[in-house]
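Novice: Contents are mmCIF, C-alpha atoms; file name structure10.cif:
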data_input
#
loop_
_atom_site.group_PDB
_atom_site.id
_atom_site.type_symbol
_atom_site.label_atom_id
_atom_site.label_comp_id
_atom_site.auth_asym_id
_atom_site.auth_seq_id
_atom_site.Cartn_x
_atom_site.Cartn_y
_atom_site.Cartn_z
ATOM 1 C CA MET A 1042 0.000 0.000 0.000
ATOM 2 C CA ALA A 1043 2.954 2.322 0.623
ATOM 3 C CA VAL A 1044 3.895 1.902 -3.098
ATOM 4 C CA GLY A 1045 0.388 2.872 -4.185
ATOM 5 C CA SER A 1046 0.320 6.012 -2.035
ATOM 6 C CA ARG A 1047 3.840 7.047 -3.172
ATOM 7 C CA ALA A 1048 2.794 6.651 -6.818
ATOM 8 C CA ALA A 1049 -0.333 8.721 -6.201
ATOM 9 C CA ALA A 1050 1.719 11.425 -4.489
ATOM 10 C CA TRP A 1051 4.196 11.505 -7.406
ATOM 11 C CA LEU A 1052 1.347 11.791 -9.951
ATOM 12 C CA ALA A 1053 -0.228 14.628 -7.979
ATOM 13 C CA GLY A 1054 3.163 16.397 -7.874
ATOM 14 C CA ALA A 1055 3.601 15.923 -11.646
ATOM 15 C CA ALA A 1056 0.157 17.328 -12.356
ATOM 16 C CA ARG A 1057 0.970 20.398 -10.225
ATOM 17 C CA ARG A 1058 4.269 20.940 -12.018
ATOM 18 C CA ILE A 1059 2.624 20.630 -15.453
ATOM 19 C CA GLY A 1060 -0.082 23.009 -14.349
ATOM 20 C CA SER A 1061 2.418 25.593 -13.226
ATOM 21 C CA VAL A 1062 4.182 25.818 -16.628
ATOM 22 C CA PRO A 1063 3.132 29.064 -18.351
ATOM 23 C CA TRP A 1064 1.605 27.396 -21.429
ATOM 24 C CA ARG A 1065 -0.085 30.525 -22.723
ATOM 25 C CA ASN A 1066 3.199 32.458 -22.753
ATOM 26 C CA ILE A 1067 5.097 29.651 -24.381
ATOM 27 C CA SER A 1068 2.537 29.168 -27.132
ATOM 28 C CA ALA A 1069 2.342 32.903 -27.799
ATOM 29 C CA GLU A 1070 6.105 33.056 -28.082
ATOM 30 C CA ALA A 1071 6.193 29.981 -30.357
ATOM 31 C CA VAL A 1072 3.596 31.531 -32.679
ATOM 32 C CA ASP A 1073 5.538 34.786 -32.731
ATOM 33 C CA ARG A 1074 8.794 33.087 -33.599
ATOM 34 C CA THR A 1075 7.157 30.961 -36.314
ATOM 35 C CA LEU A 1076 5.559 34.033 -37.849
ATOM 36 C CA LEU A 1077 8.931 35.743 -37.885
ATOM 37 C CA VAL A 1078 10.506 32.802 -39.714
ATOM 38 C CA VAL A 1079 7.621 32.724 -42.200
ATOM 39 C CA LYS A 1080 7.946 36.461 -42.843
ATOM 40 C CA ALA A 1081 11.694 36.172 -43.355
ATOM 41 C CA ALA A 1082 11.202 33.290 -45.785
ATOM 42 C CA CYS A 1083 8.601 35.254 -47.780
ATOM 43 C CA PHE A 1084 10.882 38.278 -47.913
ATOM 44 C CA ALA A 1085 13.845 36.168 -49.044
ATOM 45 C CA HIS A 1086 11.695 34.510 -51.731
ATOM 46 C CA VAL A 1087 10.459 37.833 -53.111
ATOM 47 C CA ILE A 1088 13.967 39.290 -53.228
ATOM 48 C CA ASN A 1089 15.286 36.109 -54.837
ATOM 49 C CA SER A 1090 12.635 35.999 -57.553
ATOM 50 C CA TYR A 1091 12.182 39.662 -58.365
ATOM 51 C CA VAL A 1092 15.243 41.675 -57.358
ATOM 52 C CA VAL A 1093 18.547 39.818 -57.224
ATOM 53 C CA SER A 1094 19.536 36.203 -56.769
ATOM 54 C CA LEU A 1095 22.688 34.083 -56.725
ATOM 55 C CA ALA A 1096 23.441 31.388 -59.254
ATOM 56 C CA LEU A 1097 26.185 28.815 -59.732
ATOM 57 C CA VAL A 1098 27.382 28.658 -63.330
ATOM 58 C CA ARG A 1099 29.608 25.903 -64.682
ATOM 59 C CA GLY A 1100 30.860 24.714 -68.002
ATOM 60 C CA PRO A 1101 33.225 25.680 -70.781
ATOM 61 C CA SER A 1102 30.922 27.775 -72.931
ATOM 62 C CA MET A 1103 31.662 31.131 -71.310
ATOM 63 C CA LEU A 1104 35.452 30.878 -70.953
ATOM 64 C CA PRO A 1105 37.401 33.042 -70.246
ATOM 65 C CA THR A 1106 34.678 35.141 -68.630
ATOM 66 C CA MET A 1107 33.439 32.331 -66.389
ATOM 67 C CA ASN A 1108 35.449 29.474 -64.928
ATOM 68 C CA LEU A 1109 35.047 25.888 -66.039
ATOM 69 C CA THR A 1110 34.567 24.547 -62.536
ATOM 70 C CA GLY A 1111 32.009 27.003 -61.309
ATOM 71 C CA ASP A 1112 31.508 30.620 -60.341
ATOM 72 C CA ILE A 1113 28.824 32.056 -58.129
ATOM 73 C CA ILE A 1114 27.339 35.149 -59.682
ATOM 74 C CA ALA A 1115 24.758 37.708 -58.684
ATOM 75 C CA VAL A 1116 21.867 37.850 -61.132
ATOM 76 C CA ASP A 1117 19.722 40.933 -61.467
ATOM 77 C CA ARG A 1118 16.088 40.020 -62.150
ATOM 78 C CA VAL A 1119 14.743 43.510 -62.729
ATOM 79 C CA THR A 1120 16.389 44.233 -66.101
ATOM 80 C CA ALA A 1121 14.940 41.195 -67.823
ATOM 81 C CA ARG A 1122 11.451 41.886 -66.494
ATOM 82 C CA TRP A 1123 11.525 45.498 -67.690
ATOM 83 C CA GLY A 1124 12.826 44.536 -71.107
ATOM 84 C CA THR A 1125 16.025 46.576 -70.882
ATOM 85 C CA VAL A 1126 18.572 43.862 -71.628
ATOM 86 C CA ALA A 1127 21.302 45.306 -73.880
ATOM 87 C CA VAL A 1128 23.809 43.874 -76.333
ATOM 88 C CA GLY A 1129 26.887 42.662 -74.447
ATOM 89 C CA ASP A 1130 24.991 41.607 -71.295
ATOM 90 C CA VAL A 1131 25.600 38.164 -69.881
ATOM 91 C CA VAL A 1132 22.177 36.654 -69.254
ATOM 92 C CA LEU A 1133 20.723 33.527 -67.676
ATOM 93 C CA LEU A 1134 18.014 31.962 -69.791
ATOM 94 C CA ARG A 1135 15.968 28.770 -69.883
ATOM 95 C CA SER A 1136 17.416 26.533 -72.533
ATOM 96 C CA PRO A 1137 15.103 26.244 -75.564
ATOM 97 C CA GLU A 1138 16.159 22.606 -75.825
ATOM 98 C CA ASN A 1139 15.329 21.667 -72.234
ATOM 99 C CA PRO A 1140 13.148 23.947 -70.091
ATOM 100 C CA ARG A 1141 14.517 22.452 -66.891
ATOM 101 C CA LYS A 1142 18.039 23.679 -67.657
ATOM 102 C CA THR A 1143 19.225 27.263 -67.206
ATOM 103 C CA VAL A 1144 22.159 28.365 -69.350
ATOM 104 C CA THR A 1145 24.379 31.430 -69.251
ATOM 105 C CA LYS A 1146 25.281 33.203 -72.485
ATOM 106 C CA ARG A 1147 26.052 36.689 -73.759
ATOM 107 C CA VAL A 1148 23.500 38.662 -75.782
ATOM 108 C CA LEU A 1149 25.005 39.608 -79.121
ATOM 109 C CA GLY A 1150 21.898 40.826 -80.937
ATOM 110 C CA LEU A 1151 18.483 42.240 -80.081
ATOM 111 C CA GLU A 1152 15.388 42.311 -82.302
ATOM 112 C CA GLY A 1153 16.086 43.974 -85.595
ATOM 113 C CA ASP A 1154 19.890 43.644 -85.339
ATOM 114 C CA ALA A 1155 21.864 41.942 -88.079
ATOM 115 C CA VAL A 1156 24.087 39.252 -86.563
ATOM 116 C CA THR A 1157 27.138 37.768 -88.306
ATOM 117 C CA TYR A 1158 28.547 34.554 -86.906
ATOM 118 C CA LEU A 1159 31.100 31.916 -87.805
ATOM 119 C CA VAL A 1160 29.270 28.782 -88.830
ATOM 120 C CA ASP A 1161 31.937 26.400 -87.555
ATOM 121 C CA PRO A 1162 35.081 27.966 -86.047
ATOM 122 C CA HIS A 1163 36.884 24.611 -86.066
ATOM 123 C CA LYS A 1164 36.561 24.383 -89.809
ATOM 124 C CA GLY A 1165 37.442 27.620 -91.479
ATOM 125 C CA ASP A 1166 36.021 31.089 -91.828
ATOM 126 C CA ALA A 1167 32.571 30.600 -93.352
ATOM 127 C CA SER A 1168 30.127 32.998 -91.788
ATOM 128 C CA LYS A 1169 26.412 33.738 -92.026
ATOM 129 C CA THR A 1170 24.423 36.866 -91.373
ATOM 130 C CA LEU A 1171 20.818 37.094 -90.335
ATOM 131 C CA VAL A 1172 18.382 39.593 -88.850
ATOM 132 C CA VAL A 1173 16.992 38.816 -85.408
ATOM 133 C CA PRO A 1174 13.160 38.701 -85.565
ATOM 134 C CA LYS A 1175 10.905 40.809 -83.344
ATOM 135 C CA GLY A 1176 10.705 39.525 -79.783
ATOM 136 C CA TYR A 1177 13.839 37.377 -80.090
ATOM 137 C CA VAL A 1178 17.504 37.744 -79.037
ATOM 138 C CA TRP A 1179 20.709 36.175 -80.309
ATOM 139 C CA VAL A 1180 22.879 34.645 -77.599
ATOM 140 C CA GLN A 1181 26.356 33.192 -77.874
ATOM 141 C CA GLY A 1182 28.850 31.793 -75.410
ATOM 142 C CA ASP A 1183 32.179 33.629 -75.152
ATOM 143 C CA ASN A 1184 33.995 30.378 -75.963
ATOM 144 C CA ILE A 1185 32.741 29.871 -79.505
ATOM 145 C CA TYR A 1186 34.677 26.616 -79.854
ATOM 146 C CA ASP A 1187 32.708 24.830 -77.143
ATOM 147 C CA SER A 1188 29.309 26.393 -76.721
ATOM 148 C CA ARG A 1189 25.789 25.376 -77.685
ATOM 149 C CA ASP A 1190 24.005 28.608 -78.384
ATOM 150 C CA SER A 1191 22.041 30.536 -81.014
ATOM 151 C CA ARG A 1192 24.408 29.286 -83.696
ATOM 152 C CA GLN A 1193 22.841 25.862 -83.167
ATOM 153 C CA PHE A 1194 19.321 26.551 -81.882
ATOM 154 C CA GLY A 1195 18.639 29.916 -83.507
ATOM 155 C CA PRO A 1196 17.510 33.164 -81.910
ATOM 156 C CA VAL A 1197 15.600 32.649 -78.662
ATOM 157 C CA PRO A 1198 12.418 34.424 -77.546
ATOM 158 C CA TYR A 1199 13.089 37.223 -75.069
ATOM 159 C CA GLY A 1200 10.610 35.584 -72.659
ATOM 160 C CA LEU A 1201 13.135 32.845 -71.901
ATOM 161 C CA ILE A 1202 15.568 35.284 -70.255
ATOM 162 C CA GLN A 1203 15.531 34.881 -66.483
ATOM 163 C CA GLY A 1204 18.038 37.529 -65.414
ATOM 164 C CA ARG A 1205 21.214 39.460 -66.144
ATOM 165 C CA ALA A 1206 24.512 38.463 -64.518
ATOM 166 C CA PHE A 1207 26.239 41.591 -63.296
ATOM 167 C CA TYR A 1208 28.666 40.641 -60.509
ATOM 168 C CA ARG A 1209 30.849 37.677 -59.677
ATOM 169 C CA VAL A 1210 30.723 36.746 -56.004
ATOM 170 C CA TRP A 1211 32.918 33.622 -55.866
ATOM 171 C CA PRO A 1212 35.801 32.751 -56.280
ATOM 172 C CA PRO A 1213 37.247 35.719 -54.405
ATOM 173 C CA GLU A 1214 40.008 36.209 -56.962
ATOM 174 C CA GLY A 1215 37.394 36.882 -59.593
ATOM 175 C CA PHE A 1216 35.367 39.339 -57.494
ATOM 176 C CA GLY A 1217 34.024 42.119 -59.618
ATOM 177 C CA PHE A 1218 31.595 43.333 -62.205
ATOM 178 C CA ILE A 1219 31.045 41.232 -65.279
ATOM 179 C CA GLY A 1220 32.016 43.361 -68.243
ATOM 180 C CA GLN A 1221 30.286 44.174 -71.443
ATOM 181 C CA LYS A 1222 33.072 42.923 -73.653
ATOM 182 C CA VAL A 1223 31.420 42.530 -77.012
ATOM 183 C CA SER A 1224 33.247 39.931 -79.055
ATOM 184 C CA ILE A 1225 33.450 40.219 -82.796
ATOM 185 C CA MET B 394 -21.071 23.644 -78.025
ATOM 186 C CA HIS B 395 -19.889 25.947 -75.309
ATOM 187 C CA PRO B 396 -16.872 28.090 -76.054
ATOM 188 C CA THR B 397 -13.894 27.109 -73.928
ATOM 189 C CA PHE B 398 -13.251 30.724 -72.925
ATOM 190 C CA THR B 399 -14.968 34.022 -73.669
ATOM 191 C CA GLY B 400 -12.292 36.579 -74.318
ATOM 192 C CA SER B 401 -12.421 40.080 -72.898
ATOM 193 C CA SER B 402 -13.485 42.805 -75.274
ATOM 194 C CA THR B 403 -10.583 44.992 -76.316
ATOM 195 C CA SER B 404 -12.705 48.107 -76.487
ATOM 196 C CA PHE B 405 -13.209 48.153 -72.729
ATOM 197 C CA PRO B 406 -9.804 47.457 -71.210
ATOM 198 C CA GLY B 407 -10.049 46.706 -67.513
ATOM 199 C CA SER B 408 -13.657 45.567 -67.564
ATOM 200 C CA LEU B 409 -14.432 42.083 -66.318
ATOM 201 C CA LYS B 410 -16.081 40.956 -69.526
ATOM 202 C CA GLY B 411 -13.727 38.052 -70.143
ATOM 203 C CA ASP B 412 -13.520 34.828 -68.184
ATOM 204 C CA VAL B 413 -11.327 34.682 -65.098
ATOM 205 C CA ILE B 414 -9.363 31.458 -64.955
ATOM 206 C CA LEU B 415 -7.380 29.562 -62.359
ATOM 207 C CA VAL B 416 -3.836 28.672 -63.387
ATOM 208 C CA GLU B 417 -1.799 26.033 -61.571
ATOM 209 C CA ARG B 418 1.971 26.319 -61.545
ATOM 210 C CA PHE B 419 2.991 22.991 -60.015
ATOM 211 C CA CYS B 420 3.441 21.623 -63.526
ATOM 212 C CA LEU B 421 6.443 23.959 -63.909
ATOM 213 C CA GLN B 422 8.522 21.910 -61.453
ATOM 214 C CA LYS B 423 9.096 19.153 -63.974
ATOM 215 C CA TYR B 424 7.601 20.709 -67.131
ATOM 216 C CA LYS B 425 5.383 17.682 -67.470
ATOM 217 C CA PHE B 426 2.372 18.331 -69.665
ATOM 218 C CA SER B 427 -0.202 16.117 -71.372
ATOM 219 C CA HIS B 428 -1.708 16.392 -74.815
ATOM 220 C CA GLY B 429 -4.831 18.522 -74.735
ATOM 221 C CA ASP B 430 -3.863 20.602 -71.657
ATOM 222 C CA VAL B 431 -4.783 24.270 -71.824
ATOM 223 C CA ILE B 432 -1.687 26.296 -70.984
ATOM 224 C CA ILE B 433 -0.818 29.953 -70.533
ATOM 225 C CA PHE B 434 2.475 31.142 -72.025
ATOM 226 C CA ARG B 435 4.463 34.254 -72.951
ATOM 227 C CA THR B 436 4.307 34.822 -76.695
ATOM 228 C CA PRO B 437 7.602 34.452 -78.543
ATOM 229 C CA THR B 438 7.090 37.740 -80.338
ATOM 230 C CA ASN B 439 6.276 39.850 -77.278
ATOM 231 C CA GLN B 440 7.395 38.718 -73.836
ATOM 232 C CA LYS B 441 4.940 40.992 -72.011
ATOM 233 C CA GLN B 442 1.892 39.344 -73.586
ATOM 234 C CA LEU B 443 0.340 36.125 -72.302
ATOM 235 C CA PHE B 444 -1.704 33.761 -74.462
ATOM 236 C CA VAL B 445 -3.941 30.873 -73.457
ATOM 237 C CA LYS B 446 -4.023 27.984 -75.950
ATOM 238 C CA ARG B 447 -4.356 24.235 -75.995
ATOM 239 C CA LEU B 448 -1.265 22.041 -76.146
ATOM 240 C CA ILE B 449 -1.592 19.829 -79.215
ATOM 241 C CA ALA B 450 1.848 18.241 -79.559
ATOM 242 C CA LEU B 451 4.829 17.635 -77.282
ATOM 243 C CA PRO B 452 8.549 17.293 -78.172
ATOM 244 C CA GLY B 453 9.193 14.461 -80.585
ATOM 245 C CA ASP B 454 5.643 14.243 -81.943
ATOM 246 C CA TRP B 455 4.993 14.502 -85.642
ATOM 247 C CA ILE B 456 2.209 16.949 -86.435
ATOM 248 C CA GLN B 457 0.377 17.733 -89.625
ATOM 249 C CA VAL B 458 0.263 21.485 -90.084
ATOM 250 C CA PRO B 459 -3.373 22.321 -90.998
ATOM 251 C CA GLU B 460 -4.111 23.870 -94.410
ATOM 252 C CA SER B 461 -0.822 22.596 -95.754
ATOM 253 C CA SER B 462 0.333 19.113 -96.492
ATOM 254 C CA GLU B 463 3.585 19.385 -94.581
ATOM 255 C CA ILE B 464 4.337 17.135 -91.621
ATOM 256 C CA LEU B 465 6.824 18.452 -89.139
ATOM 257 C CA GLN B 466 8.449 17.055 -86.038
ATOM 258 C CA ILE B 467 8.331 19.141 -82.889
ATOM 259 C CA PRO B 468 11.936 19.845 -81.840
ATOM 260 C CA GLU B 469 13.263 18.934 -78.387
ATOM 261 C CA GLY B 470 12.106 21.318 -75.667
ATOM 262 C CA HIS B 471 9.307 22.811 -77.805
ATOM 263 C CA CYS B 472 5.560 22.279 -78.137
ATOM 264 C CA TRP B 473 2.754 23.030 -80.588
ATOM 265 C CA VAL B 474 -0.185 25.106 -79.341
ATOM 266 C CA GLU B 475 -3.462 25.864 -81.047
ATOM 267 C CA GLY B 476 -6.580 27.755 -80.099
ATOM 268 C CA ASP B 477 -9.942 25.960 -79.991
ATOM 269 C CA ASN B 478 -11.402 28.418 -82.492
ATOM 270 C CA PRO B 479 -9.143 27.918 -85.492
ATOM 271 C CA ALA B 480 -10.894 30.607 -87.497
ATOM 272 C CA SER B 481 -9.534 33.422 -85.364
ATOM 273 C CA SER B 482 -6.565 32.223 -83.338
ATOM 274 C CA LEU B 483 -2.978 33.434 -83.395
ATOM 275 C CA ASP B 484 -1.063 30.300 -82.452
ATOM 276 C CA SER B 485 1.628 27.878 -83.589
ATOM 277 C CA ARG B 486 0.175 27.906 -87.078
ATOM 278 C CA SER B 487 1.598 31.443 -87.319
ATOM 279 C CA PHE B 488 4.620 31.486 -85.016
ATOM 280 C CA GLY B 489 5.668 27.860 -85.087
ATOM 281 C CA PRO B 490 6.456 25.572 -82.168
ATOM 282 C CA ILE B 491 7.224 27.456 -78.933
ATOM 283 C CA PRO B 492 9.902 26.581 -76.351
ATOM 284 C CA LEU B 493 8.431 24.986 -73.217
ATOM 285 C CA GLY B 494 10.397 27.529 -71.167
ATOM 286 C CA LEU B 495 7.824 30.160 -72.152
ATOM 287 C CA VAL B 496 4.983 28.294 -70.452
ATOM 288 C CA GLN B 497 3.813 29.998 -67.255
ATOM 289 C CA GLY B 498 1.190 27.523 -66.056
ATOM 290 C CA ARG B 499 -1.695 25.196 -66.778
ATOM 291 C CA VAL B 500 -5.314 26.348 -66.757
ATOM 292 C CA THR B 501 -7.526 24.161 -64.574
ATOM 293 C CA HIS B 502 -10.772 26.039 -63.881
ATOM 294 C CA VAL B 503 -12.897 28.973 -64.882
ATOM 295 C CA ILE B 504 -13.856 30.889 -61.755
ATOM 296 C CA TRP B 505 -15.853 33.853 -63.132
ATOM 297 C CA PRO B 506 -18.569 34.566 -64.336
ATOM 298 C CA PRO B 507 -20.650 32.325 -62.055
ATOM 299 C CA GLN B 508 -22.654 30.731 -64.876
ATOM 300 C CA ARG B 509 -19.393 29.483 -66.449
ATOM 301 C CA ILE B 510 -17.712 28.188 -63.313
ATOM 302 C CA GLY B 511 -16.300 24.740 -63.907
ATOM 303 C CA GLN B 512 -13.307 22.670 -64.813
ATOM 304 C CA VAL B 513 -11.502 23.236 -68.087
ATOM 305 C CA GLU B 514 -11.414 19.867 -69.811
ATOM 306 C CA ARG B 515 -8.429 18.312 -71.406
ATOM 307 C CA LYS B 516 -9.549 17.285 -74.864
ATOM 308 C CA MET B 517 -7.503 16.360 -77.811
ATOM 309 C CA PRO B 518 -8.615 16.959 -81.406
ATOM 310 C CA THR B 519 -8.425 13.563 -83.139
ATOM 311 C CA GLY B 520 -6.134 12.759 -85.998
ATOM 312 C CA ARG B 521 -3.697 15.610 -85.514
ATOM 313 C CA ILE B 522 -0.615 13.838 -84.284
ATOM 314 C CA SER B 523 0.969 10.617 -85.364
ATOM 315 C CA PRO B 524 1.513 8.039 -82.633
ATOM 316 C CA TYR B 525 5.087 7.362 -83.778
#
Kindly return the structure encoded in the file as structure tokens.
Specialist:
Amino acid sequence: MAVGSRAAAWLAGAARRIGSVPWRNISAEAVDRTLLVVKAACFAHVINSYVVSLALVRGPSMLPTMNLTGDIIAVDRVTARWGTVAVGDVVLLRSPENPRKTVTKRVLGLEGDAVTYLVDPHKGDASKTLVVPKGYVWVQGDNIYDSRDSRQFGPVPYGLIQGRAFYRVWPPEGFGFIGQKVSI
Amino acid sequence: MHPTFTGSSTSFPGSLKGDVILVERFCLQKYKFSHGDVIIFRTPTNQKQLFVKRLIALPGDWIQVPESSEILQIPEGHCWVEGDNPASSLDSRSFGPIPLGLVQGRVTHVIWPPQRIGQVERKMPTGRISPY
């Protein structure tokens, strides 16, 4: 019987301790903190989608401007949305061959421009010229020897452009603005 | 036959004369669409303009271009869209196949006006695409 009464006493003590915890304060604080996290996440998402975001770019098609193994760049989302992308800008765009892939190329021609390009730089100097249709842009990688771009898939609709790369954030040696070098 | 959508009149911009539709964007995660889906996309000729058309053919399909005897294969990453009212529709018959990257969502329901509330059906015009 002593065991029974000790157990009852312990249960009564536990109930008192649970009752004395300030549940209302704790739950109010938990809700507050969660709301703060949700607000921060919304803010970060809006900035990321509409103002500026970071992107990791890899591959040989933009050498020497971008490294083969990967650079982290800051991408400005406002220019593309307002339609003020200019010739010489490095842009991120959805690949017209695979919508799930984002590629980085330089804009060499806007609508109405006449673009001249080397058909196959590995094999001689033959070149073609064409006029970019309305609503389209001509994009090329800086490394014309190893880049899949408008020379293969033609001019791309402006609507595929996701943003303009304007600053390199990593690696630290390459810190700086991404120039408007317009290649011939 | 009910029209799929009633467009808004261009002489009264801003009035609610057209249908209001519900667009789902989950399909953009994997860009997985089915034949006959109604999709909303940026036009290739003007990125600020959005069109709503039906998806007739997906990458790799062979499609017979209407009013001409040519058969063409939809390139990788592109799709063929056509409006339900072929008499007055600016679609792939004019601007060719469009890249899937221009698609902004899939239309699932009409939510206004109340007498037209309902699901937008996925229907496929027969005999347009070859099964191979």
Novice: Point out the residue among A:Arg1209, A:Lys1169, A:Arg1141, A:Arg1147 with the least atom-to-atom distance to chain B, counting only C-alpha atoms.
Specialist: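 Using only C-alpha atoms, chain B sits closest to A:Arg1141.
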Novice: Tell me which protein, DNA and RNA residues are within 9 Å of Gly1182 of chain A, counting only C-alpha atoms, leaving out same-chain ones fewer than 6 positions away, and put them as an MDAnalysis selection string.
Specialist: chainID A and resid 1101:1104 1145:1148 1188:1191
Novice: Write to file, as a PDB file, in the coordinates of the input, the residues of the selection just made, with C-alpha atoms.
Specialist:
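Saved result, result-v3.pdb, follows:
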ATOM      1  CA  PRO A1101      33.225  25.680 -70.781  1.00  0.00           C
ATOM      2  CA  SER A1102      30.922  27.775 -72.931  1.00  0.00           C
ATOM      3  CA  MET A1103      31.662  31.131 -71.310  1.00  0.00           C
ATOM      4  CA  LEU A1104      35.452  30.878 -70.953  1.00  0.00           C
ATOM      5  CA  THR A1145      24.379  31.430 -69.251  1.00  0.00           C
ATOM      6  CA  LYS A1146      25.281  33.203 -72.485  1.00  0.00           C
ATOM      7  CA  ARG A1147      26.052  36.689 -73.759  1.00  0.00           C
ATOM      8  CA  VAL A1148      23.500  38.662 -75.782  1.00  0.00           C
ATOM      9  CA  SER A1188      29.309  26.393 -76.721  1.00  0.00           C
ATOM     10  CA  ARG A1189      25.789  25.376 -77.685  1.00  0.00           C
ATOM     11  CA  ASP A1190      24.005  28.608 -78.384  1.00  0.00           C
ATOM     12  CA  SER A1191      22.041  30.536 -81.014  1.00  0.00           C
TER      13      SER A1191
END
Novice: So what does the PyMOL selection byres ((chain B) within 10 of (chain A)) actually pick up in this one, as an NGL selection string?
Specialist: :B and (421-424 or 434-442 or 452 or 468-471 or 491-496)
Novice: Which residues would end up in the selection if the PyMOL selection byres ((chain B and resi 451) around 8) were applied here, given that I need the answer as a VMD selection string?
Specialist: chain B and resid 427 to 428 448 to 450 452 to 454 467 471 to 473
Novice: For atom CA of Ala1069 of chain A and atom CA of Ile1088 of chain A, quote the distance in Å rounded to one decimal.
Specialist: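 So the two atoms, atom CA of Ala1069 of chain A and atom CA of Ile1088 of chain A, lie 28.7 Å apart.
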Novice: Need the axis-aligned box for segment 480-493 of chain B with 4 Å each side, so what are the centre and edges in Å to one decimal, as lines of an AutoDock Vina configuration file?
Specialist:
center_x = -0.5
center_y = 29.2
center_z = -80.4
size_x = 28.8
size_y = 16.4
size_z = 22.3
Novice: Evaluate the PyMOL selection byres ((chain A and resi 1153) around 12) on the structure here and hand back the selected residues as a list of chain:residue names.
Specialist: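 Against this file, the PyMOL selection byres ((chain A and resi 1153) around 12) returns the residues A:Leu1149, A:Gly1150, A:Leu1151, A:Glu1152, A:Asp1154, A:Ala1155, A:Val1156, A:Leu1171, A:Val1172, A:Val1173, A:Pro1174, A:Lys1175, A:Gly1176, A:Tyr1177, A:Val1178, A:Trp1179, A:Pro1196.
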Novice: Kindly indicate which residue among B:Cys420, B:Val431, B:Val445, B:Ile522 lies nearest to Leu483 of chain B, using all atoms listed in the file for the distances.
Specialist: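 Between B:Cys420, B:Val431, B:Val445, B:Ile522, the residue approaching Leu483 of chain B most closely is B:Val445.
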Novice: Just how far from atom CA of Thr519 of chain B is atom CA of Phe444 of chain B, in Å to one decimal?
Specialist: 23.0 Å
Novice: One decimal, in Å: what's the spacing between atom CA of Val1132 of chain A and atom CA of Pro490 of chain B?
Specialist: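 The value is 23.2 Å.
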Novice: Need the shell around Gly476 of chain B: protein/DNA/RNA residues with any atom at most 6 Å away, counting only C-alpha atoms. Skip same-chain ones fewer than 5 positions apart. Format as a PyMOL selection string?
Specialist: chain B and resi 446-447+482
Novice: Which residues come within 7 Å of Leu465 of chain B, counting all atoms listed in the file, excluding same-chain residues fewer than 6 positions away, as an MDAnalysis selection string?
Specialist: chainID B and resid 455:457
